[in-house]
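K.L.:
Sharing structure.cif (mmCIF, C-alpha atoms and all ligand atoms) below.
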```cif
data_model
loop_
_atom_site.label_atom_id
_atom_site.label_comp_id
_atom_site.auth_asym_id
_atom_site.auth_seq_id
_atom_site.Cartn_x
_atom_site.Cartn_y
_atom_site.Cartn_z
CA MET A 118 11.07 2.15 -8.68
CA ARG A 119 9.76 3.81 -11.80
CA LYS A 120 10.44 7.55 -11.97
CA VAL A 121 7.22 9.56 -11.89
CA GLU A 122 6.75 13.20 -12.94
CA TYR A 123 4.14 14.99 -10.86
CA GLU A 124 2.03 17.90 -12.01
CA ASN A 125 1.02 20.87 -9.95
CA HIS A 126 -1.71 23.40 -10.51
CA GLY A 127 -2.47 26.82 -9.08
CA VAL A 128 0.74 27.21 -7.10
CA PRO A 129 1.20 28.98 -4.70
CA LEU A 130 -1.99 27.57 -3.29
CA GLU A 131 -2.42 30.51 -0.90
CA ASP A 132 -2.88 32.98 -3.78
CA TYR A 133 -5.14 30.86 -5.94
CA GLN A 134 -8.20 32.62 -7.35
CA LEU A 135 -11.28 30.55 -8.16
CA THR A 136 -12.18 30.44 -11.85
CA HIS A 137 -15.58 30.19 -13.53
CA SER A 138 -15.02 26.52 -14.25
CA ASP A 139 -14.14 25.89 -10.56
CA HIS A 140 -17.55 27.31 -9.59
CA ARG A 141 -19.27 25.26 -12.29
CA ARG A 142 -17.50 22.00 -11.36
CA GLN A 143 -18.21 22.50 -7.68
CA LYS A 144 -21.89 23.05 -8.46
CA GLN A 145 -22.08 19.92 -10.65
CA HIS A 146 -20.33 17.92 -7.99
CA GLU A 147 -22.71 19.08 -5.29
CA VAL A 148 -25.67 18.09 -7.43
CA SER A 149 -24.33 14.58 -8.07
CA SER A 150 -23.36 14.13 -4.40
CA GLN A 151 -26.87 15.11 -3.38
CA SER A 152 -28.38 12.55 -5.70
CA ILE A 153 -26.05 9.86 -4.31
CA ALA A 154 -26.99 10.93 -0.79
CA ARG A 155 -30.68 10.61 -1.73
CA GLN A 156 -30.14 7.08 -3.07
CA VAL A 157 -28.29 6.09 0.08
CA GLU A 158 -31.09 7.54 2.19
CA GLU A 159 -33.72 5.58 0.22
CA ASP A 160 -31.68 2.44 0.60
CA LEU A 161 -31.34 2.99 4.34
CA ALA A 162 -35.10 3.40 4.63
CA LYS A 163 -35.58 0.05 2.86
CA CYS A 164 -33.04 -1.56 5.20
CA ARG A 165 -34.89 -0.22 8.24
CA ALA A 166 -38.06 -1.83 6.92
CA ASP A 167 -36.33 -5.12 6.15
CA PRO A 168 -33.80 -6.42 8.75
CA GLU A 169 -32.71 -9.25 6.45
CA ARG A 170 -31.79 -6.78 3.75
CA ALA A 171 -29.95 -4.73 6.37
CA GLU A 172 -27.91 -7.75 7.44
CA ARG A 173 -27.02 -8.64 3.85
CA ARG A 174 -25.96 -5.03 3.33
CA ARG A 175 -23.82 -5.05 6.47
CA VAL A 176 -21.96 -8.23 5.43
CA CYS A 177 -21.45 -6.79 1.97
CA PHE A 178 -19.91 -3.58 3.34
CA GLU A 179 -17.76 -5.52 5.76
CA ASN A 180 -16.36 -7.67 2.96
CA ALA A 181 -15.67 -4.64 0.80
CA TRP A 182 -13.87 -2.98 3.68
CA LYS A 183 -11.73 -6.06 4.30
CA LEU A 184 -10.88 -6.20 0.61
CA MET A 185 -9.81 -2.56 0.64
CA GLN A 186 -7.61 -3.18 3.65
CA SER A 187 -5.89 -6.00 1.81
CA PHE A 188 -5.05 -3.56 -1.02
CA LYS A 189 -3.53 -1.07 1.39
CA LYS A 190 -0.28 0.21 0.01
CA PRO A 191 2.89 0.70 2.02
CA ASP A 192 3.74 4.36 2.75
CA HIS A 193 6.50 4.61 0.17
CA GLU A 194 3.91 3.87 -2.51
CA ILE A 195 1.79 6.81 -1.39
CA MET A 196 2.28 10.40 -2.58
CA ARG A 197 1.17 13.26 -0.34
CA TRP A 198 -0.45 16.26 -2.01
CA ARG A 199 -1.07 19.69 -0.61
CA VAL A 200 -4.39 20.88 -1.99
CA ARG A 201 -6.48 23.99 -2.01
CA LEU A 202 -10.18 23.31 -1.78
CA TYR A 203 -13.09 25.20 -3.26
CA CYS A 204 -13.96 26.58 0.17
CA GLY A 205 -10.51 28.23 0.28
CA HIS A 206 -8.94 25.97 2.87
CA ILE A 207 -5.66 24.17 2.36
CA ALA A 208 -5.53 20.51 3.22
CA GLU A 209 -3.54 17.39 2.55
CA THR A 210 -4.60 14.30 0.65
CA ARG A 211 -2.95 11.12 -0.53
CA ARG A 212 -2.90 9.12 -3.72
CA HIS A 213 -1.01 6.15 -5.04
CA ARG A 214 2.46 7.31 -6.18
CA GLU A 215 1.69 6.59 -9.81
CA VAL A 216 -1.15 9.10 -9.83
CA THR A 217 0.62 12.11 -11.30
CA THR A 218 -2.09 14.76 -11.21
CA LEU A 219 -5.25 15.52 -9.29
CA THR A 220 -7.32 16.58 -12.27
CA GLY A 221 -9.22 14.02 -14.26
CA HIS A 222 -8.91 11.41 -11.52
CA SER A 223 -11.85 10.82 -9.29
CA PRO A 224 -12.51 11.72 -6.62
CA THR A 225 -11.09 15.21 -7.06
CA SER A 226 -13.06 16.54 -4.16
CA MET A 227 -12.97 15.85 -0.46
CA THR A 228 -14.54 16.82 2.80
CA CYS A 229 -12.77 19.93 4.07
CA PRO A 230 -11.11 19.09 7.38
CA GLU A 231 -11.29 22.79 8.37
CA CYS A 232 -14.87 23.82 7.69
CA GLY A 233 -16.50 20.46 6.94
CA LYS A 234 -17.73 21.46 3.49
CA ASP A 235 -18.64 18.22 1.73
CA PRO A 236 -17.91 17.89 -1.10
CA SER A 237 -15.29 20.59 -1.64
CA LYS A 238 -13.55 20.40 -5.01
CA ILE A 239 -9.76 20.35 -5.22
CA VAL A 240 -9.04 23.52 -7.21
CA ALA A 241 -5.23 23.69 -6.90
CA PHE A 242 -2.61 21.19 -5.83
CA GLU A 243 1.06 20.44 -5.47
CA PRO A 244 2.88 17.21 -4.63
CA ILE A 245 4.84 17.36 -1.36
CA GLY A 246 6.53 13.99 -1.14
CA LEU A 247 6.12 10.31 -0.49
CA ALA A 248 4.48 9.30 2.76
CA GLY A 249 7.36 6.99 3.65
CA GLU A 250 10.94 6.20 2.82
CA PRO A 251 11.38 3.42 0.28
CA PRO A 252 12.88 0.32 1.89
CA PRO A 253 16.67 0.01 1.54
CA PRO A 254 17.81 -1.97 -1.50
CA PRO A 255 18.35 -5.64 -0.74
CA GLU A 256 21.78 -6.61 0.67
CA PRO A 257 24.26 -7.58 -2.04
CA VAL A 258 24.16 -11.32 -2.43
CA ALA A 259 27.19 -12.93 -0.75
CA ALA A 260 29.51 -14.93 -2.99
CA PRO A 261 28.36 -18.53 -2.95
CA VAL A 262 30.23 -20.73 -0.50
CA PRO A 263 32.39 -23.17 -2.47
CA PRO A 264 31.27 -26.76 -1.96
CA PRO A 265 33.56 -28.82 0.32
CA LYS A 266 36.41 -30.37 -1.59
CA LYS A 267 35.97 -34.01 -2.42
CA PRO A 268 38.44 -36.12 -0.48
CA THR A 269 41.14 -37.60 -2.65
CA ARG A 270 41.42 -41.32 -3.16
CA ALA A 271 44.49 -41.44 -0.95
CA GLN A 272 42.59 -39.65 1.89
CA LEU A 273 39.71 -42.12 1.55
CA GLU A 274 42.04 -45.07 1.68
CA ARG A 275 43.71 -43.73 4.82
CA ARG A 276 40.28 -43.22 6.38
CA VAL A 277 39.17 -46.74 5.53
CA ALA A 278 42.39 -48.13 6.95
CA ALA A 279 41.87 -46.18 10.18
CA LEU A 280 38.30 -47.48 10.50
CA GLU A 281 39.40 -51.04 9.94
CA LYS A 282 42.06 -50.69 12.60
CA GLU A 283 39.43 -49.33 15.02
CA ASN A 284 37.17 -52.26 14.15
CA GLN A 285 39.85 -54.76 14.88
CA ARG A 286 40.60 -53.12 18.20
CA LEU A 287 36.94 -53.27 19.22
CA ARG A 288 36.66 -56.89 18.15
CA ALA A 289 39.74 -57.73 20.16
CA LEU A 290 38.20 -56.00 23.18
CA GLY A 291 34.96 -57.96 22.71
CA HIS A 292 36.85 -61.25 22.70
CA ALA A 293 38.79 -60.27 25.77
CA GLU A 294 35.56 -59.61 27.66
CA LEU A 295 34.07 -62.99 26.73
ZN ZN B 1 -13.05 24.47 4.11
#
```
Mind converting the file's structure to structure tokens?

P.N.:
Amino acid sequence: MRKVEYENHGVPLEDYQLTHSDHRRQKQHEVSSQSIARQVEEDLAKCRADPERAERRRVCFENAWKLMQSFKKPDHEIMRWRVRLYCGHIAETRRHREVTTLTGHSPTSMTCPECGKDPSKIVAFEPIGLAGEPPPPPEPVAAPVPPPKKPTRAQLERRVAALEKENQRLRALGHAEL
């Protein structure tokens, strides 16, 4: 597996002090989440008014969910991160192992599992380890089994002679029975 260098920010998380830009980013994020929530709400209202639209929407979500499941990564491809959220709580989140930092990647906020603040920006973070052990390396390939030796001409001749003898014996038996 490719070696990955992980970043951390604001460690130790317990002592992290919020900065001006943390407050600003949290605010911006809340505003954009609210506008998304409004769009979803409008869409839901349309679906309530139009059952056919609602059904199309349901199938669409179901397919997207199935697709996401098919992309699910095994645990050893997942990095666990300990994060401090804007609300001050410390939580854990996961990213693909090749994601090396939690800034600049979206989403860099989450719902706080402690107080339920949603969204709560990730303001500090540190990697804590892969979610699973990588599988053991494949067994060394056993030396190929040498092909059976070809019988020598002399062996073949002996074999043919033996078969002929057997043939004769059987024929003799057949005659005796007649
Ligand atoms: Zn919280």

K.L.:
Name the closest residue to ligand ZN 1 (chain B) among the candidates A:Glu179, A:Asp235, A:Glu274, A:Asp132; distances are taken between atoms, counting all atoms listed in the file.

P.N.:
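Among A:Glu179, A:Asp235, A:Glu274, A:Asp132, it is A:Asp235 that comes nearest to ligand ZN 1 (chain B).
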
K.L.:
Which residues are near ligand ZN 1 (chain B) in this structure, taking near to mean any atom at most 7 Å from a ligand atom and counting all atoms listed in the file? Format them as a list in words.

P.N.:
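The neighbouring residues of ligand ZN 1 (chain B) are, in order, Leu202, Cys204, Gly205, His206, Cys229, Pro230, Glu231, Cys232, Gly233 and Lys234 of chain A.
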
K.L.:
In Å, rounded to a single decimal, give me how far atom CA of Ser237 of chain A is from atom CA of Thr225 of chain A.

P.N.:
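Calculated distance between atom CA of Thr225 of chain A and atom CA of Ser237 of chain A is 8.7 Å.
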
K.L.:
Taking all atoms listed in the file into account, name the residue in A:Pro168, A:Pro268, A:Gly291, A:Gly246 that is nearest to Asp192 of chain A.

P.N.:
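Smallest distance to Asp192 of chain A is found for A:Gly246.
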
K.L.:
Calculate how many Å separate atom CA of Thr220 of chain A from atom CA of Phe178 of chain A, rounding to one decimal.

P.N.:
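Spanning atom CA of Thr220 of chain A to atom CA of Phe178 of chain A is a straight-line distance of 28.4 Å.
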